[in-house]
Amino acid sequence: MSEKSENPYRVLGVSADAGDGEVRAAYLELVKANPPERAPEEFERIRDAYSALHGARQRALWAIRSANPKAALIDLLDTLPAERRFVGPEPWLAVIGERH
């Protein structure tokens with residue numbers, strides 16, 4: 001997003017527990033009201049907010065960069081397929097270790 005402190009939920013006008021359908025509906029409504037030809041700066045804000053929230057993984061990554069990184073990391077790990085989830089005190093270390 002153009003400003004790091006800008007909250008994508010606030011930009012789209014949805015609550016933090018909004019589902020994917022609600023986020024998409026808000027995005028489409030705002031894009032119709034603010035097309036890029038008429039309001040390019042506002043359109044960019046809306047597009048950036050939607051790109052930060054359009055899926056569970058993106059929401060978790062946004063949350064990591066914002067206020068609650070520990071809960072967001074747990075949510076992000078939950079988006080991994082079952083065969084990639086590891087049991088143990090530090091499951092992300094096993095995922096990182098696979099890359100080397």
# chains A, B, ... in the order shown; residues from 1 in each chain; ligands from 1
>>> residues_around(residues="Ala26 (chain A)", least_positions_apart="5", cutoff="9 Å", atoms="only C-alpha atoms", output="list of chain:residue names")
A:Leu12, A:Gly13, A:Val14, A:Gly21, A:Val31
>>> write_last_selection(atoms="C-alpha atoms", output="PDB file, in the first residue's frame")
ATOM      1  CA  LEU A  12     -12.357  -1.365   1.684  1.00  0.00           C
ATOM      2  CA  GLY A  13     -14.844  -0.634   4.465  1.00  0.00           C
ATOM      3  CA  VAL A  14     -15.054  -4.209   5.766  1.00  0.00           C
ATOM      4  CA  GLY A  21     -16.850 -12.874  -0.714  1.00  0.00           C
ATOM      5  CA  VAL A  31     -13.879   0.109  -8.173  1.00  0.00           C
TER       6      VAL A  31
END
>>> closest_residue(among="A:Ile46, A:Leu76, A:Leu30, A:Ala25", to="Gln58 (chain A)", atoms="only C-alpha atoms")
A:Leu76
>>> closest_residue(among="A:Ser51, A:Thr79, A:Asn7, A:Ser66", to="Arg24 (chain A)", atoms="only C-alpha atoms")
A:Ser51
>>> residues_around(residues="Tyr9 (chain A)", least_positions_apart="2", cutoff="10 Å", atoms="only C-alpha atoms", output="JSON, numbers by chain")
{"A": [6, 7, 11, 12, 13, 14, 15, 16, 17, 18, 23, 49, 50, 52, 53]}
>>> atom_distance(atom1="CA of Trp62 (chain A)", atom2="CA of Glu37 (chain A)")
28.1 Å
>>> atom_distance(atom1="CA of Arg65 (chain A)", atom2="CA of Arg10 (chain A)")
16.0 Å
